[in-house]
Amino acid sequence: MDCLFCKIAAGDIPSTKVYEDELVLAFRDIAPQAPTHILVIPKAHIASVAEIAPENSAVVAHIFEVIPQIAAGEGLKDGYRVVSNCGDHAGQTVHHLHFHILGGKQLALEMA
Ligand code: 5GP
Ligand code: ZN
């Protein structure tokens with residue numbers, strides 16, 4: 001499959017890894033929008049939030065167990081934002097499920 005984040009998960013395209021286990025990879029965004037900008041992905045391909053279902057949601061729960069560990073490791077003690085863009089109206093550009101962790105500064109409040 002011609003999927004950028006599948007290739008990153010497979011190690012075929014390099015990334016700056018922050019966390020990895022058998023199910024999940026976290027790496028630094030190539031175009032950071034905050035001092036800390038990390039992407040957390042399932043290694044198995046899921047296209048977006050719209051594709052989460054009972055059959056694959058365990059990895060999503062696992063991602064949300066890992067996120068606080070990553071945030072703590074990054075020293076984001078004053079808080080952070082977790083975002084997933086789903087589909088065209090949200091501006092999703094990579095169609096492999098990913099959660100942005102953004103922090104390290106006071107983030108803008110605008111959500112839309
Ligand atoms: P989206 O716009 O789909 O929510 O987020 C995709 C994110 O992937 C963007 O923030 C973009 O900077 C990041 N990105 C795109 N290509 C690469 C890449 O090759 N490596 C890394 N580390 N991040 C990438
Ligand atoms: Zn993929």
# chains A, B, ... in the order shown; residues from 1 in each chain; ligands from 1

call {"tool": "select_by_dssp", "arguments": {"residues": "stretch 2-75 of chain A", "states": "alpha helix (DSSP H)", "output": "ChimeraX atom specification"}}
result
/A:4-10,57-73

call {"tool": "write_last_selection", "arguments": {"atoms": "N, CA and C atoms", "output": "PDB file, in the first residue's frame"}}
result
ATOM      1  N   LEU A   4       2.337   6.772   3.393  1.00  0.00           N
ATOM      2  CA  LEU A   4       3.534   7.362   3.994  1.00  0.00           C
ATOM      3  C   LEU A   4       3.777   6.848   5.413  1.00  0.00           C
ATOM      4  N   PHE A   5       2.720   6.834   6.221  1.00  0.00           N
ATOM      5  CA  PHE A   5       2.938   6.461   7.617  1.00  0.00           C
ATOM      6  C   PHE A   5       3.108   4.950   7.782  1.00  0.00           C
ATOM      7  N   CYS A   6       2.555   4.134   6.881  1.00  0.00           N
ATOM      8  CA  CYS A   6       2.898   2.706   6.889  1.00  0.00           C
ATOM      9  C   CYS A   6       4.382   2.532   6.612  1.00  0.00           C
ATOM     10  N   LYS A   7       4.923   3.333   5.692  1.00  0.00           N
ATOM     11  CA  LYS A   7       6.353   3.251   5.372  1.00  0.00           C
ATOM     12  C   LYS A   7       7.200   3.713   6.546  1.00  0.00           C
ATOM     13  N   ILE A   8       6.764   4.746   7.240  1.00  0.00           N
ATOM     14  CA  ILE A   8       7.484   5.190   8.446  1.00  0.00           C
ATOM     15  C   ILE A   8       7.407   4.109   9.519  1.00  0.00           C
ATOM     16  N   ALA A   9       6.216   3.509   9.694  1.00  0.00           N
ATOM     17  CA  ALA A   9       6.061   2.447  10.701  1.00  0.00           C
ATOM     18  C   ALA A   9       6.961   1.256  10.387  1.00  0.00           C
ATOM     19  N   ALA A  10       7.146   0.975   9.100  1.00  0.00           N
ATOM     20  CA  ALA A  10       7.983  -0.159   8.679  1.00  0.00           C
ATOM     21  C   ALA A  10       9.465   0.175   8.709  1.00  0.00           C
ATOM     22  N   SER A  57     -10.331  -0.916  17.703  1.00  0.00           N
ATOM     23  CA  SER A  57     -10.257   0.188  18.659  1.00  0.00           C
ATOM     24  C   SER A  57      -9.303  -0.080  19.823  1.00  0.00           C
ATOM     25  N   ALA A  58      -8.890  -1.328  20.020  1.00  0.00           N
ATOM     26  CA  ALA A  58      -7.975  -1.595  21.141  1.00  0.00           C
ATOM     27  C   ALA A  58      -6.684  -0.800  20.996  1.00  0.00           C
ATOM     28  N   VAL A  59      -6.209  -0.675  19.751  1.00  0.00           N
ATOM     29  CA  VAL A  59      -4.959   0.067  19.548  1.00  0.00           C
ATOM     30  C   VAL A  59      -5.166   1.556  19.848  1.00  0.00           C
ATOM     31  N   VAL A  60      -6.364   2.038  19.631  1.00  0.00           N
ATOM     32  CA  VAL A  60      -6.648   3.449  19.928  1.00  0.00           C
ATOM     33  C   VAL A  60      -6.630   3.668  21.441  1.00  0.00           C
ATOM     34  N   ALA A  61      -7.210   2.741  22.178  1.00  0.00           N
ATOM     35  CA  ALA A  61      -7.116   2.828  23.645  1.00  0.00           C
ATOM     36  C   ALA A  61      -5.660   2.796  24.076  1.00  0.00           C
ATOM     37  N   HIS A  62      -4.895   1.940  23.439  1.00  0.00           N
ATOM     38  CA  HIS A  62      -3.467   1.846  23.782  1.00  0.00           C
ATOM     39  C   HIS A  62      -2.745   3.157  23.480  1.00  0.00           C
ATOM     40  N   ILE A  63      -3.059   3.762  22.344  1.00  0.00           N
ATOM     41  CA  ILE A  63      -2.452   5.061  22.003  1.00  0.00           C
ATOM     42  C   ILE A  63      -2.730   6.070  23.117  1.00  0.00           C
ATOM     43  N   PHE A  64      -3.954   6.066  23.633  1.00  0.00           N
ATOM     44  CA  PHE A  64      -4.307   7.048  24.666  1.00  0.00           C
ATOM     45  C   PHE A  64      -3.745   6.680  26.037  1.00  0.00           C
ATOM     46  N   GLU A  65      -3.243   5.468  26.202  1.00  0.00           N
ATOM     47  CA  GLU A  65      -2.465   5.142  27.395  1.00  0.00           C
ATOM     48  C   GLU A  65      -1.017   5.598  27.250  1.00  0.00           C
ATOM     49  N   VAL A  66      -0.531   5.576  26.019  1.00  0.00           N
ATOM     50  CA  VAL A  66       0.857   5.959  25.733  1.00  0.00           C
ATOM     51  C   VAL A  66       1.036   7.480  25.717  1.00  0.00           C
ATOM     52  N   ILE A  67       0.023   8.195  25.256  1.00  0.00           N
ATOM     53  CA  ILE A  67       0.145   9.656  25.126  1.00  0.00           C
ATOM     54  C   ILE A  67       0.574  10.328  26.433  1.00  0.00           C
ATOM     55  N   PRO A  68      -0.018  10.008  27.583  1.00  0.00           N
ATOM     56  CA  PRO A  68       0.450  10.675  28.806  1.00  0.00           C
ATOM     57  C   PRO A  68       1.904  10.364  29.144  1.00  0.00           C
ATOM     58  N   GLN A  69       2.355   9.165  28.809  1.00  0.00           N
ATOM     59  CA  GLN A  69       3.773   8.821  29.034  1.00  0.00           C
ATOM     60  C   GLN A  69       4.676   9.670  28.150  1.00  0.00           C
ATOM     61  N   ILE A  70       4.283   9.819  26.881  1.00  0.00           N
ATOM     62  CA  ILE A  70       5.076  10.647  25.969  1.00  0.00           C
ATOM     63  C   ILE A  70       5.090  12.088  26.451  1.00  0.00           C
ATOM     64  N   ALA A  71       3.925  12.587  26.827  1.00  0.00           N
ATOM     65  CA  ALA A  71       3.836  13.985  27.281  1.00  0.00           C
ATOM     66  C   ALA A  71       4.709  14.201  28.513  1.00  0.00           C
ATOM     67  N   ALA A  72       4.683  13.251  29.432  1.00  0.00           N
ATOM     68  CA  ALA A  72       5.525  13.374  30.626  1.00  0.00           C
ATOM     69  C   ALA A  72       6.997  13.348  30.241  1.00  0.00           C
ATOM     70  N   GLY A  73       7.341  12.472  29.303  1.00  0.00           N
ATOM     71  CA  GLY A  73       8.728  12.380  28.850  1.00  0.00           C
ATOM     72  C   GLY A  73       9.220  13.647  28.175  1.00  0.00           C
TER      73      GLY A  73
END

call {"tool": "residues_around", "arguments": {"residues": "stretch 32-40 of chain A", "least_positions_apart": "2", "cutoff": "6 Å", "atoms": "only C-alpha atoms", "output": "list in words"}}
result
Leu25, Ala26, Phe27, Arg28, Asp29, His98, Phe99, His100, Ile101, Leu102, Gly103 and Gly104 of chain A

call {"tool": "write_last_selection", "arguments": {"atoms": "N, CA, C and O atoms", "output": "PDB file, in the first residue's frame"}}
result
ATOM      1  N   LEU A  25       3.740   3.647  17.128  1.00  0.00           N
ATOM      2  CA  LEU A  25       4.963   4.426  16.927  1.00  0.00           C
ATOM      3  C   LEU A  25       4.639   5.897  17.133  1.00  0.00           C
ATOM      4  O   LEU A  25       3.586   6.373  16.687  1.00  0.00           O
ATOM      5  N   ALA A  26       5.545   6.592  17.812  1.00  0.00           N
ATOM      6  CA  ALA A  26       5.433   8.049  17.944  1.00  0.00           C
ATOM      7  C   ALA A  26       6.722   8.661  17.429  1.00  0.00           C
ATOM      8  O   ALA A  26       7.811   8.171  17.718  1.00  0.00           O
ATOM      9  N   PHE A  27       6.578   9.727  16.642  1.00  0.00           N
ATOM     10  CA  PHE A  27       7.745  10.382  16.027  1.00  0.00           C
ATOM     11  C   PHE A  27       7.465  11.863  15.872  1.00  0.00           C
ATOM     12  O   PHE A  27       6.304  12.298  15.890  1.00  0.00           O
ATOM     13  N   ARG A  28       8.542  12.631  15.698  1.00  0.00           N
ATOM     14  CA  ARG A  28       8.397  14.085  15.613  1.00  0.00           C
ATOM     15  C   ARG A  28       7.861  14.498  14.240  1.00  0.00           C
ATOM     16  O   ARG A  28       8.297  13.972  13.210  1.00  0.00           O
ATOM     17  N   ASP A  29       6.919  15.446  14.258  1.00  0.00           N
ATOM     18  CA  ASP A  29       6.368  15.974  13.009  1.00  0.00           C
ATOM     19  C   ASP A  29       7.462  16.696  12.234  1.00  0.00           C
ATOM     20  O   ASP A  29       8.275  17.428  12.801  1.00  0.00           O
ATOM     21  N   HIS A  98      -3.573   9.257  12.812  1.00  0.00           N
ATOM     22  CA  HIS A  98      -2.504   9.815  13.645  1.00  0.00           C
ATOM     23  C   HIS A  98      -3.082  10.841  14.587  1.00  0.00           C
ATOM     24  O   HIS A  98      -4.035  11.543  14.259  1.00  0.00           O
ATOM     25  N   PHE A  99      -2.470  10.880  15.763  1.00  0.00           N
ATOM     26  CA  PHE A  99      -2.849  11.853  16.773  1.00  0.00           C
ATOM     27  C   PHE A  99      -1.677  12.792  16.975  1.00  0.00           C
ATOM     28  O   PHE A  99      -0.566  12.354  17.271  1.00  0.00           O
ATOM     29  N   HIS A 100      -1.928  14.082  16.778  1.00  0.00           N
ATOM     30  CA  HIS A 100      -0.913  15.104  17.035  1.00  0.00           C
ATOM     31  C   HIS A 100      -0.870  15.377  18.541  1.00  0.00           C
ATOM     32  O   HIS A 100      -1.921  15.561  19.164  1.00  0.00           O
ATOM     33  N   ILE A 101       0.317  15.423  19.101  1.00  0.00           N
ATOM     34  CA  ILE A 101       0.527  15.956  20.450  1.00  0.00           C
ATOM     35  C   ILE A 101       1.244  17.280  20.269  1.00  0.00           C
ATOM     36  O   ILE A 101       2.348  17.330  19.696  1.00  0.00           O
ATOM     37  N   LEU A 102       0.606  18.347  20.719  1.00  0.00           N
ATOM     38  CA  LEU A 102       1.138  19.705  20.549  1.00  0.00           C
ATOM     39  C   LEU A 102       1.308  20.332  21.921  1.00  0.00           C
ATOM     40  O   LEU A 102       0.376  20.326  22.742  1.00  0.00           O
ATOM     41  N   GLY A 103       2.476  20.897  22.172  1.00  0.00           N
ATOM     42  CA  GLY A 103       2.683  21.542  23.465  1.00  0.00           C
ATOM     43  C   GLY A 103       3.980  22.304  23.505  1.00  0.00           C
ATOM     44  O   GLY A 103       4.665  22.459  22.491  1.00  0.00           O
ATOM     45  N   GLY A 104       4.273  22.793  24.695  1.00  0.00           N
ATOM     46  CA  GLY A 104       5.511  23.546  24.898  1.00  0.00           C
ATOM     47  C   GLY A 104       5.336  25.041  24.766  1.00  0.00           C
ATOM     48  O   GLY A 104       6.305  25.795  24.858  1.00  0.00           O
TER      49      GLY A 104
END

call {"tool": "residues_near_ligand", "arguments": {"ligand": "ligand 2", "cutoff": "7 Å", "atoms": "only C-alpha atoms and all ligand atoms", "output": "list in words"}}
result
Cys3, Leu4, Phe5, Cys6, Ala44, His45, Ile46, Ala47, His95 and His96 of chain A

call {"tool": "atom_distance", "arguments": {"atom1": "atom CA of A:Pro42", "atom2": "atom CA of A:Asp88"}}
result
20.8 Å

call {"tool": "residues_near_ligand", "arguments": {"ligand": "ligand 1", "cutoff": "6 Å", "atoms": "only C-alpha atoms and all ligand atoms", "output": "list in words"}}
result
Ser15, Arg28, Asp29, Ile30, Ala31, Asn85, Gly91, Gln92, Thr93 and Val94 of chain A

call {"tool": "select_by_dssp", "arguments": {"residues": "stretch 24-60 of chain A", "states": "strand (DSSP E)", "output": "mmCIF file with N, CA and C atoms, in the first residue's frame"}}
result
data_model
loop_
_atom_site.group_PDB
_atom_site.id
_atom_site.type_symbol
_atom_site.label_atom_id
_atom_site.label_comp_id
_atom_site.auth_asym_id
_atom_site.auth_seq_id
_atom_site.Cartn_x
_atom_site.Cartn_y
_atom_site.Cartn_z
ATOM 1 N N VAL A 24 2.429 0.531 18.342
ATOM 2 C CA VAL A 24 2.348 1.988 18.210
ATOM 3 C C VAL A 24 3.724 2.569 17.921
ATOM 4 N N LEU A 25 3.740 3.647 17.128
ATOM 5 C CA LEU A 25 4.963 4.426 16.927
ATOM 6 C C LEU A 25 4.639 5.897 17.133
ATOM 7 N N ALA A 26 5.545 6.592 17.812
ATOM 8 C CA ALA A 26 5.433 8.049 17.944
ATOM 9 C C ALA A 26 6.722 8.661 17.429
ATOM 10 N N PHE A 27 6.578 9.727 16.642
ATOM 11 C CA PHE A 27 7.745 10.382 16.027
ATOM 12 C C PHE A 27 7.465 11.863 15.872
ATOM 13 N N ARG A 28 8.542 12.631 15.698
ATOM 14 C CA ARG A 28 8.397 14.085 15.613
ATOM 15 C C ARG A 28 7.861 14.498 14.240
ATOM 16 N N THR A 36 6.895 21.332 20.961
ATOM 17 C CA THR A 36 6.753 19.871 20.909
ATOM 18 C C THR A 36 5.604 19.545 19.953
ATOM 19 N N HIS A 37 5.896 18.779 18.905
ATOM 20 C CA HIS A 37 4.858 18.353 17.956
ATOM 21 C C HIS A 37 5.193 16.919 17.541
ATOM 22 N N ILE A 38 4.447 15.999 18.114
ATOM 23 C CA ILE A 38 4.682 14.570 17.937
ATOM 24 C C ILE A 38 3.447 13.952 17.307
ATOM 25 N N LEU A 39 3.649 12.984 16.441
ATOM 26 C CA LEU A 39 2.556 12.213 15.849
ATOM 27 C C LEU A 39 2.582 10.809 16.438
ATOM 28 N N VAL A 40 1.439 10.321 16.863
ATOM 29 C CA VAL A 40 1.319 8.964 17.389
ATOM 30 C C VAL A 40 0.433 8.176 16.436
ATOM 31 N N ILE A 41 0.945 7.051 15.956
ATOM 32 C CA ILE A 41 0.216 6.257 14.961
ATOM 33 C C ILE A 41 0.142 4.791 15.394
ATOM 34 N N PRO A 42 -0.947 4.114 14.982
ATOM 35 C CA PRO A 42 -0.932 2.657 15.067
ATOM 36 C C PRO A 42 -0.033 2.127 13.960
#

call {"tool": "closest_residue", "arguments": {"among": "A:Glu110, A:Met1, A:Lys17, A:Lys105", "to": "A:Lys77", "atoms": "only C-alpha atoms"}}
result
A:Lys105

call {"tool": "closest_residue", "arguments": {"among": "A:Asp12, A:Met111, A:Pro54, A:Leu23", "to": "A:Val82", "atoms": "only C-alpha atoms"}}
result
A:Met111

call {"tool": "closest_residue", "arguments": {"among": "A:Ile13, A:Val83, A:Leu76, A:Ala112", "to": "A:Ser48", "atoms": "only C-alpha atoms"}}
result
A:Val83

call {"tool": "atom_distance", "arguments": {"atom1": "atom CA of A:Gly11", "atom2": "atom CA of A:Leu97"}}
result
17.1 Å

call {"tool": "atom_distance", "arguments": {"atom1": "atom CA of A:Leu107", "atom2": "atom CA of A:Gly79"}}
result
9.7 Å
